[in-house]
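Working notes for the structure below.
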Amino acid sequence: MVIRYPSSCDGQFAPDGAGRDAMAAAVNHALACAYDLDSSQITVSAIGSYVILSGIVQSPDERLRAEEIAADIVGEGYVRSRLLHRSPQ
């Protein structure tokens, strides 16, 4: 598992032993750097080895994209999503 280092969007990485706070910060930063996702209403927290995404996104596609970004950082199966999407009115 590789965790993105939260200092820039240029693909720097932190070692596997990074803690929960670093893991959550890396996911939060990667979500903020995603040009195709509005992450302003997404909250990232970490419990043990798992990252929890909660909040509101604009579409099911944005929900899936946020989950993919988090999984790329912490690993497949370590993301729990509580994201809700707004229906267009």
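Naming works like this for the structure tokens: A, B, ... for the chains as they're shown, residue 1 at the start of each chain, ligands 1 onward in shown order.
For Glu68 of chain A, the set of protein, DNA and RNA residues having any atom at most 12 Å away, when counting only C-alpha atoms and skipping those fewer than 3 positions along the same chain, is Val27, Ala30, Leu31, Ala34, Leu37, Leu53, Asp61, Glu62, Arg63, Leu64, Arg65, Ala71, Asp72, Ile73, Val74, Gly75, Glu76, Gly77, Tyr78, Val79, Arg80 and Ser81 of chain A.
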Save out the residues we just selected, N, CA, C and O atoms, as an mmCIF file, in the first residue's frame.
```cif
data_model
loop_
_atom_site.group_PDB
_atom_site.id
_atom_site.type_symbol
_atom_site.label_atom_id
_atom_site.label_comp_id
_atom_site.auth_asym_id
_atom_site.auth_seq_id
_atom_site.Cartn_x
_atom_site.Cartn_y
_atom_site.Cartn_z
ATOM 1 N N VAL A 27 -5.865 11.356 1.571
ATOM 2 C CA VAL A 27 -7.107 11.164 0.821
ATOM 3 C C VAL A 27 -7.801 12.500 0.626
ATOM 4 O O VAL A 27 -8.263 12.822 -0.485
ATOM 5 N N ALA A 30 -5.961 14.440 -2.049
ATOM 6 C CA ALA A 30 -6.179 13.878 -3.383
ATOM 7 C C ALA A 30 -7.567 14.218 -3.905
ATOM 8 O O ALA A 30 -7.743 14.518 -5.089
ATOM 9 N N LEU A 31 -8.565 14.195 -3.029
ATOM 10 C CA LEU A 31 -9.914 14.575 -3.437
ATOM 11 C C LEU A 31 -9.951 16.039 -3.849
ATOM 12 O O LEU A 31 -10.597 16.405 -4.835
ATOM 13 N N ALA A 34 -8.520 16.568 -7.340
ATOM 14 C CA ALA A 34 -9.233 15.956 -8.468
ATOM 15 C C ALA A 34 -10.002 17.029 -9.224
ATOM 16 O O ALA A 34 -10.906 17.660 -8.669
ATOM 17 N N LEU A 37 -14.065 16.482 -9.713
ATOM 18 C CA LEU A 37 -14.850 16.185 -8.525
ATOM 19 C C LEU A 37 -14.937 17.415 -7.629
ATOM 20 O O LEU A 37 -13.921 18.054 -7.345
ATOM 21 N N LEU A 53 -15.542 8.069 4.053
ATOM 22 C CA LEU A 53 -15.944 9.249 3.304
ATOM 23 C C LEU A 53 -17.386 9.543 3.658
ATOM 24 O O LEU A 53 -18.240 8.667 3.560
ATOM 25 N N ASP A 61 -21.898 9.363 -10.122
ATOM 26 C CA ASP A 61 -20.565 9.285 -10.713
ATOM 27 C C ASP A 61 -19.522 9.942 -9.823
ATOM 28 O O ASP A 61 -18.403 9.433 -9.696
ATOM 29 N N GLU A 62 -19.867 11.074 -9.205
ATOM 30 C CA GLU A 62 -18.939 11.722 -8.279
ATOM 31 C C GLU A 62 -18.700 10.859 -7.047
ATOM 32 O O GLU A 62 -17.593 10.812 -6.529
ATOM 33 N N ARG A 63 -19.731 10.175 -6.582
ATOM 34 C CA ARG A 63 -19.565 9.274 -5.443
ATOM 35 C C ARG A 63 -18.574 8.167 -5.796
ATOM 36 O O ARG A 63 -17.636 7.891 -5.039
ATOM 37 N N LEU A 64 -18.741 7.558 -6.949
ATOM 38 C CA LEU A 64 -17.829 6.500 -7.375
ATOM 39 C C LEU A 64 -16.412 7.022 -7.569
ATOM 40 O O LEU A 64 -15.440 6.359 -7.206
ATOM 41 N N ARG A 65 -16.290 8.218 -8.127
ATOM 42 C CA ARG A 65 -14.967 8.809 -8.348
ATOM 43 C C ARG A 65 -14.255 9.063 -7.026
ATOM 44 O O ARG A 65 -13.063 8.766 -6.878
ATOM 45 N N ALA A 71 -9.584 4.687 -2.676
ATOM 46 C CA ALA A 71 -9.085 3.316 -2.800
ATOM 47 C C ALA A 71 -7.697 3.277 -3.431
ATOM 48 O O ALA A 71 -6.878 2.421 -3.082
ATOM 49 N N ASP A 72 -7.409 4.187 -4.346
ATOM 50 C CA ASP A 72 -6.080 4.254 -4.943
ATOM 51 C C ASP A 72 -5.022 4.571 -3.895
ATOM 52 O O ASP A 72 -3.875 4.170 -4.021
ATOM 53 N N ILE A 73 -5.407 5.276 -2.860
ATOM 54 C CA ILE A 73 -4.449 5.685 -1.833
ATOM 55 C C ILE A 73 -4.338 4.642 -0.720
ATOM 56 O O ILE A 73 -3.240 4.245 -0.350
ATOM 57 N N VAL A 74 -5.463 4.194 -0.182
ATOM 58 C CA VAL A 74 -5.406 3.303 0.988
ATOM 59 C C VAL A 74 -5.564 1.835 0.638
ATOM 60 O O VAL A 74 -5.335 0.985 1.480
ATOM 61 N N GLY A 75 -5.971 1.541 -0.571
ATOM 62 C CA GLY A 75 -6.106 0.157 -0.987
ATOM 63 C C GLY A 75 -7.558 -0.258 -1.131
ATOM 64 O O GLY A 75 -8.440 0.241 -0.429
ATOM 65 N N GLU A 76 -7.769 -1.152 -2.060
ATOM 66 C CA GLU A 76 -9.103 -1.679 -2.325
ATOM 67 C C GLU A 76 -9.625 -2.384 -1.075
ATOM 68 O O GLU A 76 -8.924 -3.154 -0.443
ATOM 69 N N GLY A 77 -10.830 -2.100 -0.688
ATOM 70 C CA GLY A 77 -11.432 -2.737 0.474
ATOM 71 C C GLY A 77 -11.253 -1.985 1.780
ATOM 72 O O GLY A 77 -11.772 -2.402 2.810
ATOM 73 N N TYR A 78 -10.507 -0.892 1.770
ATOM 74 C CA TYR A 78 -10.282 -0.123 2.993
ATOM 75 C C TYR A 78 -11.006 1.214 2.986
ATOM 76 O O TYR A 78 -10.671 2.102 3.765
ATOM 77 N N VAL A 79 -11.992 1.361 2.106
ATOM 78 C CA VAL A 79 -12.771 2.592 2.019
ATOM 79 C C VAL A 79 -14.216 2.271 2.375
ATOM 80 O O VAL A 79 -14.811 1.345 1.837
ATOM 81 N N ARG A 80 -14.756 3.035 3.299
ATOM 82 C CA ARG A 80 -16.177 2.929 3.647
ATOM 83 C C ARG A 80 -16.827 4.246 3.259
ATOM 84 O O ARG A 80 -16.378 5.309 3.658
ATOM 85 N N SER A 81 -17.870 4.164 2.462
ATOM 86 C CA SER A 81 -18.496 5.368 1.937
ATOM 87 C C SER A 81 -19.853 5.608 2.580
ATOM 88 O O SER A 81 -20.702 4.714 2.622
#
```
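Those residues that approach Gln58 of chain A to within 12 Å, counting only C-alpha atoms, are Asp36, Leu37, Asp38, Ser39, Ser40, Gln41, Ile42, Gly55, Asp61, Glu62, Arg63, Leu64, Arg65, Ala66, Leu83, Leu84, His85, Arg86, Ser87, Pro88 and Gln89 of chain A; same-chain residues fewer than 3 positions away are not listed.
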Written selection (N, CA and C atoms) as a compact mmCIF listing (two decimals), in the first residue's frame:
```txt
# COMPACT_ATOMS: atom_id res chain seq x y z
N ASP A 36 -12.08 16.66 -11.60
CA ASP A 36 -13.41 16.22 -12.04
C ASP A 36 -14.36 15.93 -10.88
N LEU A 37 -14.07 16.48 -9.71
CA LEU A 37 -14.85 16.18 -8.53
C LEU A 37 -14.94 17.42 -7.63
N ASP A 38 -16.14 17.75 -7.19
CA ASP A 38 -16.32 18.82 -6.21
C ASP A 38 -16.32 18.17 -4.83
N SER A 39 -15.20 18.28 -4.13
CA SER A 39 -15.06 17.62 -2.84
C SER A 39 -15.30 18.56 -1.67
N SER A 40 -15.88 19.71 -1.93
CA SER A 40 -16.06 20.71 -0.88
C SER A 40 -16.97 20.26 0.25
N GLN A 41 -17.85 19.29 0.00
CA GLN A 41 -18.76 18.81 1.03
C GLN A 41 -18.46 17.37 1.45
N ILE A 42 -17.23 16.92 1.18
CA ILE A 42 -16.82 15.57 1.57
C ILE A 42 -15.92 15.67 2.79
N GLY A 55 -20.57 12.79 3.52
CA GLY A 55 -20.96 14.08 2.99
C GLY A 55 -21.85 13.95 1.78
N ASP A 61 -21.90 9.36 -10.12
CA ASP A 61 -20.56 9.28 -10.71
C ASP A 61 -19.52 9.94 -9.82
N GLU A 62 -19.87 11.07 -9.21
CA GLU A 62 -18.94 11.72 -8.28
C GLU A 62 -18.70 10.86 -7.05
N ARG A 63 -19.73 10.18 -6.58
CA ARG A 63 -19.57 9.27 -5.44
C ARG A 63 -18.57 8.17 -5.80
N LEU A 64 -18.74 7.56 -6.95
CA LEU A 64 -17.83 6.50 -7.38
C LEU A 64 -16.41 7.02 -7.57
N ARG A 65 -16.29 8.22 -8.13
CA ARG A 65 -14.97 8.81 -8.35
C ARG A 65 -14.26 9.06 -7.03
N ALA A 66 -14.97 9.59 -6.04
CA ALA A 66 -14.37 9.82 -4.72
C ALA A 66 -13.92 8.51 -4.08
N LEU A 83 -21.29 8.53 1.51
CA LEU A 83 -21.59 9.66 0.63
C LEU A 83 -23.00 9.56 0.08
N LEU A 84 -23.67 10.66 0.06
CA LEU A 84 -25.03 10.76 -0.52
C LEU A 84 -24.94 11.69 -1.71
N HIS A 85 -25.76 11.43 -2.72
CA HIS A 85 -25.77 12.35 -3.85
C HIS A 85 -27.11 13.05 -3.93
N ARG A 86 -27.04 14.29 -4.34
CA ARG A 86 -28.25 15.10 -4.48
C ARG A 86 -28.93 14.77 -5.80
N SER A 87 -30.22 14.67 -5.77
CA SER A 87 -30.97 14.48 -7.00
C SER A 87 -31.16 15.84 -7.67
N PRO A 88 -31.05 15.90 -9.00
CA PRO A 88 -31.31 17.17 -9.66
C PRO A 88 -32.75 17.61 -9.45
N GLN A 89 -32.93 18.90 -9.24
CA GLN A 89 -34.27 19.40 -8.97
C GLN A 89 -34.85 20.09 -10.17
```
Using atom CA of Thr43 of chain A and atom CA of Asn28 of chain A as the two end points, give the distance in Å to one decimal. 7.7 Å
Computed interatomic separation between atom CA of Ala25 of chain A and atom CA of Ala46 of chain A (Å): 9.3 Å
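Closest approach to Arg20 of chain A from the set A:Val51, A:Ala32, A:Arg82, A:Ala70 is made by A:Val51, with distances taken over only C-alpha atoms.
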